[in-house]
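Novice: So I've got this file, data_32.cif, and it contains mmCIF, C-alpha atoms:
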data_entry
loop_
_atom_site.label_atom_id
_atom_site.label_comp_id
_atom_site.auth_asym_id
_atom_site.auth_seq_id
_atom_site.Cartn_x
_atom_site.Cartn_y
_atom_site.Cartn_z
CA MET A 1370 54.81 23.17 -0.97
CA PRO A 1371 54.20 19.53 -0.18
CA SER A 1372 55.75 17.02 -2.53
CA MET A 1373 53.77 14.76 -4.84
CA THR A 1374 54.81 11.69 -2.84
CA MET A 1375 53.40 13.22 0.34
CA LEU A 1376 50.13 14.08 -1.39
CA LEU A 1377 49.80 10.56 -2.76
CA LEU A 1378 50.52 9.13 0.68
CA LEU A 1379 47.90 11.31 2.34
CA ALA A 1380 45.36 10.44 -0.36
CA GLY A 1381 46.10 6.75 0.08
CA ILE A 1382 45.74 6.95 3.86
CA LEU A 1383 42.45 8.86 3.60
CA GLY A 1384 41.03 6.47 1.03
CA THR A 1385 42.12 3.46 3.06
CA ALA A 1386 40.56 4.85 6.23
CA MET A 1387 37.27 5.39 4.40
CA LEU A 1388 37.33 1.86 2.95
CA VAL A 1389 38.14 0.24 6.28
CA PHE A 1390 35.50 2.29 8.13
CA GLY A 1391 32.84 1.44 5.56
CA ALA A 1392 33.80 -2.23 5.54
CA PHE A 1393 34.04 -2.86 9.29
CA ALA A 1394 31.40 -0.48 10.63
CA GLY A 1395 29.22 -2.49 12.96
CA PRO A 1396 25.50 -2.97 12.36
CA ASN A 1397 23.03 -0.52 13.87
CA ALA A 1398 20.99 -2.16 16.64
CA GLY A 1399 17.96 0.04 15.96
CA LYS A 1400 17.95 -0.87 12.29
CA GLN A 1401 18.18 -4.55 13.16
CA VAL A 1402 15.12 -4.34 15.41
CA THR A 1403 13.18 -2.44 12.75
CA ARG A 1404 14.14 -4.97 10.10
CA ARG A 1405 12.98 -7.88 12.27
CA LEU A 1406 9.65 -6.19 12.93
CA ASP A 1407 9.19 -5.52 9.21
CA ASP A 1408 9.96 -9.14 8.37
CA LEU A 1409 7.46 -10.34 10.96
CA ARG A 1410 4.78 -8.00 9.60
CA GLU A 1411 5.43 -9.17 6.04
CA ARG A 1412 5.14 -12.84 6.96
CA HIS A 1413 1.82 -12.51 8.81
CA SER A 1414 0.11 -9.82 6.77
CA ARG A 1415 -2.22 -10.56 3.83
CA SER A 1416 -2.41 -6.99 2.56
CA THR A 1417 -1.45 -6.45 -1.07
CA ASP A 1418 0.35 -3.21 -0.17
CA VAL A 1419 2.55 -5.01 2.31
CA ALA A 1420 3.28 -7.76 -0.24
CA ALA A 1421 4.21 -5.17 -2.86
CA ALA A 1422 6.50 -3.38 -0.45
CA ALA A 1423 8.16 -6.67 0.45
CA GLN A 1424 8.70 -7.43 -3.24
CA MET A 1425 10.30 -4.02 -3.81
CA LYS A 1426 12.56 -4.59 -0.82
CA ARG A 1427 13.72 -7.90 -2.29
CA ILE A 1428 14.47 -6.19 -5.61
CA PHE A 1429 16.61 -3.54 -3.92
CA ALA A 1430 18.33 -6.22 -1.82
CA ASN A 1431 19.23 -8.12 -4.99
CA ARG A 1432 20.68 -4.95 -6.44
CA GLN A 1433 22.73 -4.35 -3.32
CA ASN A 1434 24.06 -7.90 -3.52
CA LYS A 1435 25.72 -7.13 -6.84
CA GLY A 1436 28.73 -6.00 -4.83
CA ASP A 1437 29.05 -9.52 -3.44
CA GLY A 1438 28.73 -10.92 -6.95
CA PHE A 1439 31.59 -8.68 -8.04
CA ALA A 1440 33.67 -9.73 -5.03
CA LYS A 1441 33.13 -13.43 -5.80
CA ARG A 1442 35.11 -13.01 -9.00
CA PHE A 1443 38.26 -12.23 -7.03
CA ILE A 1444 37.80 -14.60 -4.06
CA PRO A 1445 38.89 -18.23 -4.61
CA ASN A 1446 36.33 -19.83 -2.26
CA PRO A 1447 33.52 -17.32 -1.58
CA ALA A 1448 31.24 -19.84 0.15
CA LEU A 1449 33.87 -20.65 2.77
CA LEU A 1450 34.67 -16.98 3.31
CA GLN A 1451 30.98 -16.14 3.69
CA LEU A 1452 30.68 -18.90 6.29
CA ARG A 1453 33.67 -17.50 8.17
CA LEU A 1454 32.19 -14.00 8.12
CA SER A 1455 28.87 -15.31 9.47
CA GLN A 1456 30.75 -17.08 12.28
CA THR A 1457 32.02 -13.72 13.55
CA GLY A 1458 28.47 -12.69 14.51
CA TYR A 1459 28.53 -9.57 12.32
CA SER A 1460 26.62 -8.95 9.10
CA TRP A 1461 29.72 -8.35 6.99
CA THR A 1462 29.53 -9.02 3.28
CA LEU A 1463 32.11 -10.25 0.81
CA ALA A 1464 32.27 -6.80 -0.79
CA GLN A 1465 33.08 -5.17 2.57
CA TYR A 1466 35.79 -7.74 3.25
CA LEU A 1467 37.32 -7.18 -0.18
CA MET A 1468 37.25 -3.40 0.31
CA ALA A 1469 39.00 -3.68 3.67
CA SER A 1470 41.67 -6.01 2.26
CA ALA A 1471 42.31 -3.73 -0.74
CA GLY A 1472 42.48 -0.62 1.45
CA LEU A 1473 44.94 -2.23 3.84
CA ALA A 1474 47.12 -3.44 0.97
CA LEU A 1475 47.22 0.07 -0.53
CA LEU A 1476 48.06 1.66 2.82
CA VAL A 1477 50.98 -0.69 3.50
CA THR A 1478 52.26 -0.28 -0.07
CA PHE A 1479 52.17 3.54 0.16
CA LEU A 1480 53.95 3.51 3.52
CA LEU A 1481 56.73 1.26 2.26
CA ILE A 1482 57.23 3.32 -0.90
CA PHE A 1483 57.33 6.48 1.23
CA LYS A 1484 60.06 4.90 3.37
CA GLY A 1485 62.20 4.19 0.32
CA VAL A 1486 61.36 0.54 -0.40
CA PRO A 1487 61.31 -0.20 -4.15
CA PRO A 1488 57.76 -0.56 -5.55
CA LEU A 1489 58.63 -4.01 -6.93
CA TYR A 1490 59.03 -5.25 -3.33
CA ALA A 1491 56.54 -2.95 -1.61
CA LEU A 1492 53.57 -4.08 -3.71
CA PRO A 1493 53.88 -7.84 -2.99
CA PHE A 1494 54.46 -7.16 0.71
CA GLY A 1495 51.41 -4.87 0.81
CA MET A 1496 49.29 -7.51 -0.92
CA LEU A 1497 50.51 -10.10 1.57
CA ILE A 1498 49.48 -7.90 4.50
CA GLY A 1499 46.18 -7.01 2.83
CA VAL A 1500 45.30 -10.67 2.39
CA GLY A 1501 46.79 -12.12 5.56
CA LEU A 1502 45.88 -9.57 8.23
CA PRO A 1503 42.08 -9.54 7.61
CA HIS A 1504 42.17 -13.34 7.56
CA LEU A 1505 43.90 -13.37 10.94
CA VAL A 1506 41.46 -10.78 12.34
CA VAL A 1507 38.44 -12.81 11.23
CA SER A 1508 39.98 -15.99 12.65
CA LYS A 1509 40.61 -14.23 15.96
CA MET A 1510 37.04 -12.95 16.15
CA ILE A 1511 35.65 -16.41 15.33
CA LYS A 1512 37.82 -17.99 18.00
CA ARG A 1513 36.79 -15.38 20.57
CA ARG A 1514 33.08 -15.79 19.80
CA VAL A 1515 33.27 -19.59 19.87
CA ALA A 1516 35.13 -19.40 23.18
CA LYS A 1517 32.36 -17.23 24.67
CA PHE A 1518 29.73 -19.62 23.34
CA THR A 1519 31.53 -22.69 24.69
CA ALA A 1520 32.08 -21.12 28.12
CA ARG A 1521 28.35 -20.42 28.62
CA PHE A 1522 27.00 -23.46 26.80
CA PRO A 1523 26.89 -25.73 29.92
CA ASP A 1524 24.85 -23.02 31.67
CA ALA A 1525 22.42 -23.03 28.73
CA ILE A 1526 22.05 -26.81 28.94
CA GLU A 1527 21.43 -26.67 32.69
CA LEU A 1528 18.81 -23.98 32.12
CA MET A 1529 17.12 -26.28 29.63
CA VAL A 1530 17.29 -29.12 32.18
CA ARG A 1531 15.49 -27.00 34.78
CA GLY A 1532 12.87 -26.09 32.22
CA LEU A 1533 12.32 -29.73 31.22
CA ARG A 1534 12.02 -30.82 34.84
CA SER A 1535 9.41 -28.12 35.43
CA GLY A 1536 7.27 -29.49 32.58
CA LEU A 1537 8.20 -27.27 29.61
CA PRO A 1538 8.64 -28.82 26.16
CA ILE A 1539 12.03 -28.75 24.49
CA SER A 1540 10.99 -26.01 22.05
CA GLU A 1541 10.02 -23.69 24.91
CA THR A 1542 13.30 -24.29 26.71
CA LEU A 1543 15.12 -23.08 23.59
CA ASN A 1544 13.15 -19.82 23.82
CA VAL A 1545 14.00 -19.53 27.51
CA VAL A 1546 17.71 -19.85 26.78
CA ALA A 1547 17.46 -17.24 24.02
CA ASP A 1548 15.73 -14.80 26.39
CA GLU A 1549 17.73 -15.36 29.56
CA LEU A 1550 21.37 -15.80 28.52
CA PRO A 1551 23.43 -13.05 26.86
CA GLY A 1552 25.96 -13.02 24.04
CA PRO A 1553 26.39 -15.63 21.30
CA ILE A 1554 24.30 -18.16 23.22
CA ALA A 1555 21.20 -15.99 22.89
CA ASP A 1556 21.88 -15.21 19.22
CA GLU A 1557 22.31 -18.83 18.16
CA PHE A 1558 19.37 -20.19 20.15
CA ARG A 1559 17.18 -17.34 18.91
CA THR A 1560 18.13 -18.26 15.36
CA VAL A 1561 17.13 -21.87 16.01
CA SER A 1562 13.83 -20.77 17.55
CA ASP A 1563 13.04 -18.44 14.65
CA LYS A 1564 13.67 -21.22 12.12
CA MET A 1565 11.35 -23.53 14.02
CA LYS A 1566 8.62 -20.87 14.02
CA ILE A 1567 8.64 -20.67 10.22
CA GLY A 1568 8.28 -24.43 9.80
CA ARG A 1569 11.78 -25.92 10.01
CA THR A 1570 12.23 -29.01 12.13
CA MET A 1571 14.23 -28.76 15.31
CA GLU A 1572 16.81 -31.30 14.08
CA ALA A 1573 17.44 -29.39 10.84
CA SER A 1574 17.64 -26.03 12.61
CA LEU A 1575 20.09 -27.32 15.22
CA GLN A 1576 22.23 -29.06 12.60
CA GLU A 1577 22.52 -25.86 10.54
CA THR A 1578 23.66 -23.99 13.63
CA ALA A 1579 26.14 -26.75 14.46
CA ASP A 1580 27.58 -26.59 10.94
CA ARG A 1581 27.97 -22.82 11.18
CA LEU A 1582 29.55 -22.85 14.65
CA GLY A 1583 31.82 -25.81 14.02
CA THR A 1584 32.21 -26.62 17.73
CA PRO A 1585 32.20 -30.22 18.99
CA GLU A 1586 30.28 -29.16 22.11
CA PHE A 1587 27.22 -28.08 20.17
CA GLN A 1588 27.55 -31.12 17.90
CA PHE A 1589 27.39 -33.31 21.01
CA PHE A 1590 24.20 -31.50 21.98
CA VAL A 1591 22.61 -32.08 18.56
CA ILE A 1592 23.56 -35.77 18.54
CA THR A 1593 22.21 -36.20 22.06
CA LEU A 1594 18.82 -34.78 21.09
CA ALA A 1595 18.69 -36.89 17.92
CA ILE A 1596 19.48 -40.12 19.80
CA GLN A 1597 17.00 -39.31 22.55
CA ARG A 1598 14.21 -38.75 20.01
CA GLU A 1599 14.86 -42.18 18.50
CA THR A 1600 15.43 -44.21 21.65
CA GLY A 1601 13.42 -42.26 24.23
CA GLY A 1602 14.35 -41.91 27.89
CA ASN A 1603 14.73 -39.08 30.35
CA LEU A 1604 15.91 -36.09 28.31
CA ALA A 1605 16.55 -33.92 31.37
CA GLU A 1606 18.88 -36.52 32.89
CA THR A 1607 20.70 -36.97 29.57
CA LEU A 1608 21.27 -33.25 29.14
CA ALA A 1609 22.42 -32.92 32.76
CA ASN A 1610 25.08 -35.58 32.13
CA LEU A 1611 26.10 -33.78 28.94
CA ALA A 1612 26.52 -30.50 30.81
CA ASP A 1613 28.73 -32.23 33.40
CA VAL A 1614 30.88 -33.77 30.63
CA LEU A 1615 31.28 -30.41 28.91
CA ARG A 1616 32.37 -28.74 32.15
CA LYS A 1617 34.99 -31.42 32.78
CA ARG A 1618 36.16 -31.08 29.19
CA ALA A 1619 36.59 -27.33 29.64
CA GLN A 1620 38.58 -27.92 32.85
CA MET A 1621 40.92 -30.30 31.02
CA LYS A 1622 41.47 -27.71 28.27
CA LEU A 1623 42.43 -25.10 30.85
CA LYS A 1624 44.94 -27.48 32.46
CA ILE A 1625 46.54 -28.22 29.09
CA LYS A 1626 46.64 -24.52 28.26
CA ALA A 1627 48.42 -23.74 31.51
CA MET A 1628 50.97 -26.51 31.03
CA SER A 1629 51.78 -25.50 27.43
CA SER A 1630 51.83 -21.73 27.93
CA GLU A 1631 55.63 -21.58 28.25
CA SER A 1632 56.16 -23.42 24.97
CA LYS A 1633 53.66 -21.21 23.20
CA ALA A 1634 55.42 -18.08 24.43
CA SER A 1635 58.75 -19.44 23.20
CA ALA A 1636 57.26 -20.20 19.78
CA TRP A 1637 55.86 -16.67 19.47
CA ILE A 1638 59.14 -15.04 20.52
CA VAL A 1639 61.32 -17.18 18.27
CA GLY A 1640 59.01 -16.76 15.31
CA SER A 1641 58.34 -13.03 15.53
CA LEU A 1642 61.61 -11.56 16.81
CA PRO A 1643 63.56 -11.70 13.50
CA PHE A 1644 60.75 -10.00 11.60
CA ILE A 1645 60.35 -7.31 14.25
CA VAL A 1646 64.08 -6.54 14.21
CA PHE A 1647 64.11 -6.46 10.40
CA LEU A 1648 61.19 -4.00 10.24
CA LEU A 1649 62.69 -1.77 12.93
CA VAL A 1650 66.04 -1.54 11.15
CA LEU A 1651 64.23 -0.98 7.83
CA PHE A 1652 62.31 2.03 9.16
CA ILE A 1653 65.31 3.43 11.04
CA ASN A 1654 67.85 3.06 8.24
CA PRO A 1655 66.19 2.19 4.89
CA GLY A 1656 69.44 2.59 2.97
CA TYR A 1657 71.24 -0.02 5.05
CA MET A 1658 68.47 -2.63 4.68
CA GLY A 1659 67.80 -1.66 1.07
CA LYS A 1660 70.76 -3.78 0.01
CA PHE A 1661 68.85 -6.80 1.22
CA PHE A 1662 66.41 -6.33 -1.69
CA GLU A 1663 69.18 -5.80 -4.27
CA ASP A 1664 71.77 -8.51 -3.63
CA GLN A 1665 70.58 -11.87 -4.99
CA ARG A 1666 72.60 -13.78 -2.42
CA LEU A 1667 70.91 -11.95 0.47
CA ILE A 1668 67.47 -12.55 -1.04
CA ILE A 1669 68.11 -16.28 -1.39
CA ALA A 1670 69.54 -16.48 2.14
CA GLY A 1671 66.56 -14.58 3.55
CA LEU A 1672 64.03 -16.83 1.80
CA GLY A 1673 65.86 -19.92 3.00
CA GLY A 1674 65.95 -18.63 6.55
CA MET A 1675 62.22 -17.85 6.46
CA CYS A 1676 61.45 -21.35 5.21
CA TRP A 1677 63.51 -23.01 7.95
CA MET A 1678 62.06 -20.72 10.60
CA GLY A 1679 58.51 -21.43 9.45
CA PHE A 1680 59.24 -25.16 9.54
CA GLY A 1681 60.56 -24.89 13.11
CA VAL A 1682 57.60 -22.84 14.32
CA PHE A 1683 55.23 -25.31 12.67
CA ILE A 1684 56.85 -28.22 14.54
CA MET A 1685 56.70 -26.31 17.83
CA ALA A 1686 53.02 -25.52 17.26
CA LYS A 1687 52.21 -29.17 16.56
CA MET A 1688 54.09 -30.30 19.67
CA ILE A 1689 51.89 -28.18 21.93
CA ASP A 1690 48.60 -28.78 20.11
CA PHE A 1691 46.45 -31.24 22.07
CA GLU A 1692 42.98 -32.49 21.23
CA VAL A 1693 40.60 -33.01 24.13
#
Written as structure tokens, that's how I'd like the structure from this file.
Specialist:
Amino acid sequence: MPSMTMLLLLAGILGTAMLVFGAFAGPNAGKQVTRRLDDLRERHSRSTDVAAAAQMKRIFANRQNKGDGFAKRFIPNPALLQLRLSQTGYSWTLAQYLMASAGLALLVTFLLIFKGVPPLYALPFGMLIGVGLPHLVVSKMIKRRVAKFTARFPDAIELMVRGLRSGLPISETLNVVADELPGPIADEFRTVSDKMKIGRTMEASLQETADRLGTPEFQFFVITLAIQRETGGNLAETLANLADVLRKRAQMKLKIKAMSSESKASAWIVGSLPFIVFLLVLFINPGYMGKFFEDQRLIIAGLGGMCWMGFGVFIMAKMIDFEV
């Protein structure tokens, strides 16, 4: 007969897997296309039936957003977190993020208790992992998406330059970029184009996208268009110069990355090796490392060592952090 601890562990793992799958399941492409077509039909239709259906959809959407309202009670800065989630390119909600964090915290806590760690220490460590790991994952996804956008952004500007030189207006070149280029470039430019179609000005639409992306490259693009509208001049030539500057800026970043790669590797090794060794010894021999959580002198020494190590890693990170 399985023990109660094993049953609780299996139940925790199953519940956590269900929470994580429900929270991070990607959006269905077919449903997205259907939703866009429905929104387009609702905007351009004058039928009372269509208007009533749209009103009912808004009511159900407001009901579904109650989960986000519940999540906002436990999140210190929900607006900033919602902005970060939108920067990933996925339609994740605050409720899904909170579910994933809670499920991960429960899973880590159950695993540590199963390995013999006292609950008084397992629960804070599980909460730390549940809060910190999703934050790191979201940051990594934002960084990866912004990197993809920045890498293809000069190509998008050059495509706009060719369109302007062939006689197309600036609004049409935005549509061309959205249709021709893949990835985040197409998504962001399509968002700008859709906002312009419903009456927003180009400057406001581009500035909203710049605020959401948070990249200096796109901010340069927005400022360039704003200055050109006020002063006039050859927009195609201005954008061509901007594309050349952005390419040279990317080349300088790659040179700095190559020169600082050794220092970054040293910082990662020095910072992570003690924790890896501690966790390995803890899982191999919990009784031996269990004294670390009982002796007050060892706890104080461990906290002091973590503080000094974090200070050293912080200094190393600042020494290799260059702004271009």
Novice: Point out the residue among A:Ala1516, A:Leu1481, A:Leu1604, A:Ala1448 with the least atom-to-atom distance to Phe1652 in chain A, counting all atoms listed in the file.
Specialist: A:Leu1481
Novice: Rank A:Thr1607, A:Tyr1459, A:Met1685, A:Lys1484 by their smallest atom-to-atom distance to Ile1653 in chain A, using all atoms listed in the file, and report the top residue only.
Specialist: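 Ranking A:Thr1607, A:Tyr1459, A:Met1685, A:Lys1484 by distance to Ile1653 in chain A, first place goes to A:Lys1484.
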Novice: Show me, as JSON, numbers by chain, the residues that have an atom within 12 Å of Leu1497 in chain A when counting all atoms listed in the file, minus same-chain residues fewer than 2 positions from it.
Specialist: {"A": [1470, 1471, 1473, 1474, 1475, 1477, 1478, 1490, 1491, 1492, 1493, 1494, 1495, 1499, 1500, 1501, 1502, 1503, 1504, 1505]}
Novice: Might you spell out which residues the PyMOL selection byres ((chain A and resi 1619) around 12) would select in the displayed file, as a compact mmCIF listing (two decimals) with C-alpha atoms, in the coordinates of the input?
Specialist:
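Output file result.txt follows:
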# COMPACT_ATOMS: atom_id res chain seq x y z
CA ALA A 1516 35.13 -19.40 23.18
CA THR A 1519 31.53 -22.69 24.69
CA ALA A 1520 32.08 -21.12 28.12
CA ARG A 1521 28.35 -20.42 28.62
CA PHE A 1522 27.00 -23.46 26.80
CA PRO A 1523 26.89 -25.73 29.92
CA PRO A 1585 32.20 -30.22 18.99
CA GLU A 1586 30.28 -29.16 22.11
CA ALA A 1612 26.52 -30.50 30.81
CA ASP A 1613 28.73 -32.23 33.40
CA VAL A 1614 30.88 -33.77 30.63
CA LEU A 1615 31.28 -30.41 28.91
CA ARG A 1616 32.37 -28.74 32.15
CA LYS A 1617 34.99 -31.42 32.78
CA ARG A 1618 36.16 -31.08 29.19
CA GLN A 1620 38.58 -27.92 32.85
CA MET A 1621 40.92 -30.30 31.02
CA LYS A 1622 41.47 -27.71 28.27
CA LEU A 1623 42.43 -25.10 30.85
CA LYS A 1624 44.94 -27.48 32.46
CA ILE A 1625 46.54 -28.22 29.09
CA LYS A 1626 46.64 -24.52 28.26
CA GLU A 1692 42.98 -32.49 21.23
CA VAL A 1693 40.60 -33.01 24.13
Novice: Taking 6 positions as the minimum chain separation for residues in the same chain, which residues sit within 9 Å of Ser1574 in chain A when counting all atoms listed in the file? Answer as a ChimeraX atom specification.
Specialist: /A:1560-1562,1564-1565
Novice: Run the PyMOL selection byres ((chain A and resi 1531-1533) around 12) mentally over the shown coordinates, then write out the matched residues as a list in words, using the chain letters and numbers from the document.
Specialist: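 On this input, the PyMOL selection byres ((chain A and resi 1531-1533) around 12) captures Asp1524, Ala1525, Ile1526, Glu1527, Leu1528, Met1529, Val1530, Arg1534, Ser1535, Gly1536, Leu1537, Pro1538, Ile1539, Ser1540, Glu1541, Thr1542, Leu1543, Asn1544, Val1545, Val1546, Asn1603, Leu1604, Ala1605, Glu1606, Thr1607, Leu1608 and Ala1609 of chain A.
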Novice: Mind pulling up the distance from CA of Lys1687 in chain A to CA of Thr1578 in chain A?
Specialist: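 Result for CA of Thr1578 in chain A versus CA of Lys1687 in chain A: 29.2 Å, one decimal.
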Novice: Tell me, in Å to one decimal, how far CA of Ile1444 in chain A is from CA of Gln1456 in chain A.
Specialist: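 For CA of Ile1444 in chain A relative to CA of Gln1456 in chain A, the distance reads 18.0 Å.
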Novice: Using CA of Leu1667 in chain A and CA of Asn1654 in chain A as the two end points, give the distance in Å to one decimal.
Specialist: 17.2 Å
Novice: Where does the PyMOL selection byres ((chain A and resi 1587) around 10) land in this file, that is, which residues does it pick, as a ChimeraX atom specification?
Specialist: /A:1518-1519,1522,1575-1576,1578-1580,1582-1586,1588-1593,1615
Novice: Kindly export the residues of the current selection with C-alpha atoms, as a short mmCIF file (atom, residue, chain, number, x, y, z; two decimals), keeping the file's coordinate frame.
Specialist:
data_model
loop_
_atom_site.label_atom_id
_atom_site.label_comp_id
_atom_site.auth_asym_id
_atom_site.auth_seq_id
_atom_site.Cartn_x
_atom_site.Cartn_y
_atom_site.Cartn_z
CA PHE A 1518 29.73 -19.62 23.34
CA THR A 1519 31.53 -22.69 24.69
CA PHE A 1522 27.00 -23.46 26.80
CA LEU A 1575 20.09 -27.32 15.22
CA GLN A 1576 22.23 -29.06 12.60
CA THR A 1578 23.66 -23.99 13.63
CA ALA A 1579 26.14 -26.75 14.46
CA ASP A 1580 27.58 -26.59 10.94
CA LEU A 1582 29.55 -22.85 14.65
CA GLY A 1583 31.82 -25.81 14.02
CA THR A 1584 32.21 -26.62 17.73
CA PRO A 1585 32.20 -30.22 18.99
CA GLU A 1586 30.28 -29.16 22.11
CA GLN A 1588 27.55 -31.12 17.90
CA PHE A 1589 27.39 -33.31 21.01
CA PHE A 1590 24.20 -31.50 21.98
CA VAL A 1591 22.61 -32.08 18.56
CA ILE A 1592 23.56 -35.77 18.54
CA THR A 1593 22.21 -36.20 22.06
CA LEU A 1615 31.28 -30.41 28.91
#
Novice: Could you check the closest approach to Glu1577 in chain A for each of A:Ile1684, A:Gln1597, A:Ser1460, A:Glu1557 and tell me which residue wins, using all atoms listed in the file?
Specialist: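 Nearest to Glu1577 in chain A: A:Glu1557.
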Novice: List the neighbours of Gly1659 in chain A out to 9 Å using all atoms listed in the file; skip same-chain residues closer than 3 positions along the sequence, and give me the result as a list of chain:residue names.
Specialist: A:Gly1485, A:Val1486, A:Pro1487, A:Leu1651, A:Asn1654, A:Pro1655, A:Gly1656, A:Phe1662, A:Glu1663
Novice: Could you write range 1452-1469 of chain A as a CSV table (one decimal), keeping the file's coordinate frame, with N, CA and C atoms rebuilt where they are missing?
Specialist:
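Okay, selection33.csv is ready:
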chain,number,residue,atom,x,y,z
A,1452,LEU,N,30.9,-18.2,5.1
A,1452,LEU,CA,30.7,-18.9,6.3
A,1452,LEU,C,31.5,-18.4,7.4
A,1453,ARG,N,32.8,-18.0,7.1
A,1453,ARG,CA,33.7,-17.5,8.2
A,1453,ARG,C,33.2,-16.1,8.7
A,1454,LEU,N,32.7,-15.3,7.7
A,1454,LEU,CA,32.2,-14.0,8.1
A,1454,LEU,C,30.9,-14.1,9.0
A,1455,SER,N,30.1,-15.1,8.7
A,1455,SER,CA,28.9,-15.3,9.5
A,1455,SER,C,29.2,-15.8,10.9
A,1456,GLN,N,30.3,-16.6,11.0
A,1456,GLN,CA,30.8,-17.1,12.3
A,1456,GLN,C,31.2,-16.0,13.2
A,1457,THR,N,31.6,-14.8,12.7
A,1457,THR,CA,32.0,-13.7,13.6
A,1457,THR,C,30.9,-13.1,14.3
A,1458,GLY,N,29.6,-13.3,13.9
A,1458,GLY,CA,28.5,-12.7,14.5
A,1458,GLY,C,28.1,-11.3,14.0
A,1459,TYR,N,28.8,-10.9,12.9
A,1459,TYR,CA,28.5,-9.6,12.3
A,1459,TYR,C,28.0,-9.8,10.9
A,1460,SER,N,27.2,-8.8,10.4
A,1460,SER,CA,26.6,-9.0,9.1
A,1460,SER,C,27.5,-8.4,8.0
A,1461,TRP,N,28.8,-8.8,8.0
A,1461,TRP,CA,29.7,-8.4,7.0
A,1461,TRP,C,29.5,-9.1,5.7
A,1462,THR,N,29.7,-8.4,4.6
A,1462,THR,CA,29.5,-9.0,3.3
A,1462,THR,C,30.9,-9.3,2.6
A,1463,LEU,N,30.9,-10.0,1.5
A,1463,LEU,CA,32.1,-10.2,0.8
A,1463,LEU,C,32.7,-9.0,0.2
A,1464,ALA,N,31.8,-8.1,-0.2
A,1464,ALA,CA,32.3,-6.8,-0.8
A,1464,ALA,C,33.0,-6.0,0.3
A,1465,GLN,N,32.4,-5.9,1.5
A,1465,GLN,CA,33.1,-5.2,2.6
A,1465,GLN,C,34.4,-5.8,2.9
A,1466,TYR,N,34.5,-7.1,2.9
A,1466,TYR,CA,35.8,-7.7,3.2
A,1466,TYR,C,36.8,-7.4,2.2
A,1467,LEU,N,36.4,-7.5,0.9
A,1467,LEU,CA,37.3,-7.2,-0.2
A,1467,LEU,C,37.8,-5.7,-0.1
A,1468,MET,N,36.9,-4.8,0.2
A,1468,MET,CA,37.2,-3.4,0.3
A,1468,MET,C,38.3,-3.2,1.4
A,1469,ALA,N,38.1,-3.8,2.6
A,1469,ALA,CA,39.0,-3.7,3.7
A,1469,ALA,C,40.4,-4.3,3.3
